[in-house]
Structures are given as structure tokens and as C-alpha cells.
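Q: Shown below is the structure under consideration.
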Amino acid sequence: MCHTNPSIQDIANLCYDKFKSLPKTGKPSANQWTVLACVVEHNRQTRYSRVVALGCGTKCIGYTRQCPKGFILNDSHAEVLARRAFLRYLYHEMKHDRIFHWEAKRGSFDLSEHVEYHFFSSQTPCGDACIVDESIERGDDQRAKRQRLDENSEMVYTGGKLIAGQVSEAMTSSDDMHQTPGALRTKPGRGVRTLSMSCSDKLARWSVLGVQGALIDSLLSKPIYFSTLNFCCSEAHQESLERAIYKRWQGRVSKNTRFQPQQPQIRIDGGLPFEYSQRGDWQPSPNGLVWSHVPDDLRPYEISVNGKRQGVTKKKLGSAQAALAVSKFKLFLNFLNLQQSHAELREKSQRNLPDLEQMTYASCKDLCEDYQQSWRQLKREYFLQWTCKPNELLNFTSKVE
Ligand SMILES: [Zn+2]
């Protein structure tokens with residue numbers, strides 16, 4: 001059986017065409033740049049590929065503005081928006097027998113064996129992937145001394161902030177701390193520090209635990225991993241991307257059978273730039289754009305500002321109406337809704353789960369034991385410095401006052 005992945009050029013063109021097909025509202029205006037990230041679904045049998053999720057954005061809000069009801073997105077970097085749009089698509093697909101098939105014996109959904117997913121971004125993910133270890137480049141053991149990136153400057157959308165108190169035997173001075181390769185980081189940007197991890201770290205997590213997250217994992221027979229990661233930007237660096245996504249932890253063995261560290265193929269093409277890619281003399285667009293492959297009547301396309309839906313009146317800013325379809329709150333509703341609308345799932349959840357409507361998001365996630373156990377183990381063995389979201393930010397239910 002001959003199996004060829006779609007080329008990075010095919011993937012980039014699909015993503016650019018999808019972006020172009022979206023309404024002009026919300027897109028960058030003159031002299032604004034943004035990042036485009038997408039998930040492309042490829043069917044190995046039909047050889048048909050299509051974009052199923054898209055995100056554009058560069059912003060992340062500080063922890064002081066986080067929302068305890070799950071209405072507001074903390075992290076609106078393109079990669080994270082595209083992944084949330086992908087989760088929305090998966091929830092929608094689980095209601096129909098197209099890519100998923102309900103496996104009655106196991107009581108979970110099987111993804112079609114012909115379907116695979118490819119990740120695309122128009123920029124190197126922030127965090128570790130942006131750090132070039134010049135000691136490897138030069139073949140000597142001098143520490144990386146790339147020009148110091150100003151972590152307070154949003155013009156340099158790169159390295160991100162090292163987690164406080166992080167120690168490494170390699171570090172000898174505070175200057176080295178800025179550019180230590182392999183370290184975990186929170187998001188870059190000015191203002192109040194965020195609790196959101198860098199996109200490099202999130203991509204690394206998805207390549208071990210899957211991209212589907214805890215709630216969807218509890219519904220699937222296997223986690224979903226990206227087959228290839230594609231970066232269309234001239235500054236992308238193969239070695240740094242590989243280190244950031246999987247080489248940082250190479251040699252450490254995972255005892256878990258469900259979740260195994262993957263080594264997705266990483267591909268770079270600097271000759272196919274996104275029309276709104278970053279330029280020093282342009283400003284980052286303040287908007288986030290999110291699109292999911294769901295029917296038009298469900299409003300597949302949304303624009304966000306500060307993690308909320310654009311155009312919501314001031315009075316309703318604190319309400320569920322401000323929440324994007326890809327917010328924690330709305331995705332949680334998708335999860336609960338699926339439990340009730342899917343006959344076999346409803347039967348299963350009535351046996352195993354207490355009253356779902358009364359449950360908080362956090363306690364629902366805790367029910368996904370396999371995933372949570374593996375995540376705890378990963379945090380002990382791999383992601384030692386991962387930030388913790390305060391519990392009060394996860395204790396919301398599906399009820400809206
Ligand atoms: Zn990022």
C-alpha cells in the first residue's frame with residue numbers, strides 16, 4: 001500500500017484559500033499582521049484533503065482578566081484558536097456517522113482509519129521553537145547567545161517568558177535564562193503575565209496526549225495526533241522545531257499505553273509566505289478569527305476581541321452571549337449536549353456519571369481518568385514547569401444565571 005502525505009505546498013494552498021474565502025470583516029487592515037494556523041483533514045483512501053479548522057490571532061490576556069465562567073478565551077494565539085475550532089468540529093462530527101463510527105463493544109467512537117490530520121502555521125510557534133541553539137549550529141559548546149529578545153516587545157513575537165524559579169544546570173547567568181533551549185515558557189507579550197503556556201509547549205503536549213483534550217478523549221477509542229506539522233515562514237528552524245515539539249524529552253520512556261510520545265514529521269517552506277505575515281513596520285491585528293467546518297446555520301466563522309465575541313454590547317460583555325463558540329463554556333455545552341443527544345452515549349453516561357448538568361467543568365474533566373492520570377505523570381516526568389490554572393477558573397457549570 002502506497003501512502004503519501006499531502007505536500008506542504010498543497011496544505012499551505014488549501015489554508016490560504018480557506019482564509020481568502022472568509023468574509024473580510026475582522027481580517028487585518030492595512031499595515032496589520034497576524035498568524036494563520038489550520039488543521040487539514042486528509043483521507044488516505046480518497047486522497048481528498050480539506051481544511052476543517054482555522055484560527056488567526058496573536059493575543060493573550062493576563063491572568064487578572066480571566067473569566068471564572070469559561071466565557072472568555074485566555075489564549076488567542078492562532079495555534080490555540082485553530083485547535084479549539086478543531087474540537088468544535090470533532091464534537092459536531094461525533095453526532096454524525098462520517099469520520100467517526102460508534103464502537104458499541106468499547107462504548108467509544110472510532111475515528112476512520114483512513115483519516116489523518118495535518119497542522120499548518122504561517123509562523124514558528126512562540127516559545128522554545130523560536131530559540132536557536134547556536135552551540136549546535138557552530139558545533140562548539142558555547143551557550144546560545146542569539147541576540148537578546150526583548151520579552152516586553154510584542155513586535156518580537158517569539159521566545160516567551162521563562163517560568164519563574166526554573167533551574168537548569170546549563171544556566172550560569174540571567175542572560176542565558178532568556179535563551180536556554182528546551183525550557184518551558186509562558187506566552188510572550190507586554191503587560192500582566194499570562195498563565196498560558198507558549199505554543200511550542202502546547203504543541204509538545206498535543207504530541208504526547210493528543211490534540212483532543214480530556215473531555216473528547218473520554219469519548220474516543222484513541223487519542224488524535226497530527227501526522228505532520230507544517231510551517232510556512234522563512235525564519236523557521238528545523239532543529240529548533242524538532243527540539244521544541246519532541247526532542248526535548250527524547251529518551252524518557254512513557255509507561256502509558258494509551259498515550260505515546262509521537263514524532264510528527266516537521267516540514268518547513270519559506271517560499272510560501274502568508275499575505276499578512278509579520279513585518280517589523282506593521283502592527284499586530286487586535287482581532288482573533290476562528291472558523292470551524294460546521295454547517296452555516298451554526299455560524300462557523302467568528303471574530304474575537306480580547307477573548308470575547310466581537311460586537312457584543314457592553315451590557316452583555318459578562319454574559320454567556322459574549323462567549324465564542326470555541327470558549328471553554330461553549331465547548332463544555334457541546335460535550336454535555338452530545339451525552340444527551342447520542343442514544344448509546346446517553347445510556348452509558350446514565351450508568352456511569354452522576355447528574356451532568358450539575359457538574360462543574362473541572363469535575364467533568366476529572367472523570368476522564370486515563371487522560372488526567374497521564375497528564376499528571378507527564379507533568380512529573382516531562383513538563384515540570386507547566387503553569388496551573390487556579391481551580392476557581394474551572395468550577396463553572398452549564399447553567400447560566
Ligand atoms: Zn503562540
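By order of appearance in the C-alpha cells: chains A, B, ..., then residues from 1 within every chain, and ligands from 1 in the order shown.
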Residues within 8 Å of ligand 1 should be enumerated using only C-alpha atoms and all ligand atoms and returned as JSON, numbers by chain.

A: {"A": [58, 77, 78, 79, 80, 125, 126, 127, 157, 158, 187, 188, 198, 199, 200]}

Q: Report as a Markdown table the residues of stretch 261-291 of chain A within 9 Å of stretch 242-250 of chain A, each with its shortest atom pair and distance in Å (one decimal), using only C-alpha atoms, ordered by chain and increasing residue number.

A:
```
| residue | atom | partner | partner_atom | distance |
| --- | --- | --- | --- | --- |
| A:Pro261 | CA | A:Tyr246 | CA | 7.6 |
| A:Gln262 | CA | A:Tyr246 | CA | 7.3 |
| A:Gln263 | CA | A:Tyr246 | CA | 6.2 |
| A:Pro264 | CA | A:Ile245 | CA | 8.4 |
| A:Gln265 | CA | A:Glu242 | CA | 8.8 |
| A:Ile266 | CA | A:Glu242 | CA | 7.0 |
```

Q: List as a PyMOL selection string the protein and nucleic acid residues near stretch 9-16 of chain A, meaning an atom at most 12 Å away when only C-alpha atoms are counted, but skip any in the same chain fewer than 5 places from it.

A: chain A and resi 21-22+35-42+47-56+82+117-123+228-233+267-277+291

Q: What are the closest atom pairs, with distances in Å to one decimal, for all residues of stretch 37-73 of chain A lying within 12 Å of stretch 317-335 of chain A? Consider only C-alpha atoms, order rows by chain and residue number, and present the result as a tab-separated table.

A:
```
residue	atom	partner	partner_atom	distance
A:Ala53	CA	A:Val326	CA	11.1
A:Leu54	CA	A:Val326	CA	11.5
A:Gly55	CA	A:Val326	CA	10.7
A:Arg65	CA	A:Gly318	CA	11.5
A:Gln66	CA	A:Gly318	CA	11.3
A:Cys67	CA	A:Gly318	CA	8.7
A:Pro68	CA	A:Phe329	CA	9.9
A:Lys69	CA	A:Phe329	CA	6.9
A:Gly70	CA	A:Phe329	CA	4.7
A:Phe71	CA	A:Ala323	CA	4.5
A:Ile72	CA	A:Ala323	CA	6.1
A:Leu73	CA	A:Ser327	CA	5.8
```

Q: Keeping only C-alpha atoms, write the selected residues as a CSV table (one decimal), in the first residue's frame.

A:
```
chain,number,residue,atom,x,y,z
A,53,ALA,CA,-10.4,24.3,11.5
A,54,LEU,CA,-8.8,27.7,11.2
A,55,GLY,CA,-7.5,30.3,13.6
A,65,ARG,CA,-8.7,39.3,33.3
A,66,GLN,CA,-9.6,35.6,33.3
A,67,CYS,CA,-13.2,34.6,33.5
A,68,PRO,CA,-14.4,32.1,36.1
A,69,LYS,CA,-17.4,31.1,34.0
A,70,GLY,CA,-15.3,30.0,31.0
A,71,PHE,CA,-16.8,32.7,28.7
A,72,ILE,CA,-13.5,34.4,27.8
A,73,LEU,CA,-10.6,32.9,26.0
```

Q: Give me, as a list in words, all polymer residues having an atom no more than 7 Å from A:Ser304, counting only C-alpha atoms and skipping those fewer than 5 positions away in the same chain.

A: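 My reading of the contact set: Asn287, Gly288, Leu289, Arg309 and Gln310 of chain A.
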
Q: Restricting the calculation to only C-alpha atoms, which member of A:Thr180, A:Ser240, A:Gln260, A:Asn43 is positioned closest to A:Tyr371?

A: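 Going through A:Thr180, A:Ser240, A:Gln260, A:Asn43 one by one, the smallest distance to A:Tyr371 is for A:Gln260.
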
Q: Quote the spacing between atom CA of A:Ile61 and atom CA of A:Val305 in Å to one decimal place.

A: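 Here the two named atoms are 10.5 Å from each other.
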
Q: Find, counting only C-alpha atoms, the residue in A:Lys20, A:Lys308, A:Arg185, A:Lys255 that gets nearest to A:Ser76.

A: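 Closest candidate: A:Lys308.
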
Q: Which value, in Å to one decimal, gives the distance between atom CA of A:His237 and atom CA of A:Ile131?

A: 8.8 Å

Q: Report, in Å with one decimal, the straight-line distance from atom CA of A:Ala362 to atom CA of A:Phe396.

A: 7.7 Å

Q: Would you mind telling me which residue in A:Gln339, A:Thr257, A:Asn5, A:Ser285 lies nearest to A:Ile216 when using only C-alpha atoms?

A: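 Closest candidate: A:Gln339.
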
Q: Measuring between only C-alpha atoms, which one of A:Gly213, A:Gly280, A:Gly307, A:Pro223 shows the shortest distance to A:Arg88?

A: A:Gly213

Q: Using only C-alpha atoms, can you tell me which of A:Val253, A:Leu345, A:Cys388, A:Val312 comes closest to A:Glu103?

A: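 The shortest atom-to-atom distance to A:Glu103 comes from A:Leu345.
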
Q: Which polymer residues have any atom within 7 Å of an atom of A:Asn31, counting only C-alpha atoms, with same-chain residues fewer than 2 positions away left out, as a list in words?

A: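 Residues meeting the cut-off are Ser29, Trp33, Trp282 and Gln283 of chain A.
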
Q: Hey, can you spit out that residue selection with N, CA and C atoms as a compact mmCIF listing (two decimals), in the first residue's frame?

A:
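See part08.txt below for the written result:
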```
# COMPACT_ATOMS: atom_id res chain seq x y z
N SER A 29 -6.30 44.90 8.73
CA SER A 29 -6.42 46.03 7.82
C SER A 29 -5.01 46.38 7.34
N TRP A 33 -0.52 42.77 10.82
CA TRP A 33 -0.14 41.39 10.55
C TRP A 33 -0.85 40.47 11.52
N TRP A 282 4.76 46.80 10.64
CA TRP A 282 3.31 46.64 10.79
C TRP A 282 2.97 46.37 12.25
N GLN A 283 1.69 46.57 12.60
CA GLN A 283 1.19 46.28 13.95
C GLN A 283 0.46 44.94 13.95
```

Q: Which is closest to A:Cys368 among A:Leu219, A:Ile8, A:Met197, A:Ile303, if we use only C-alpha atoms?

A: A:Leu219
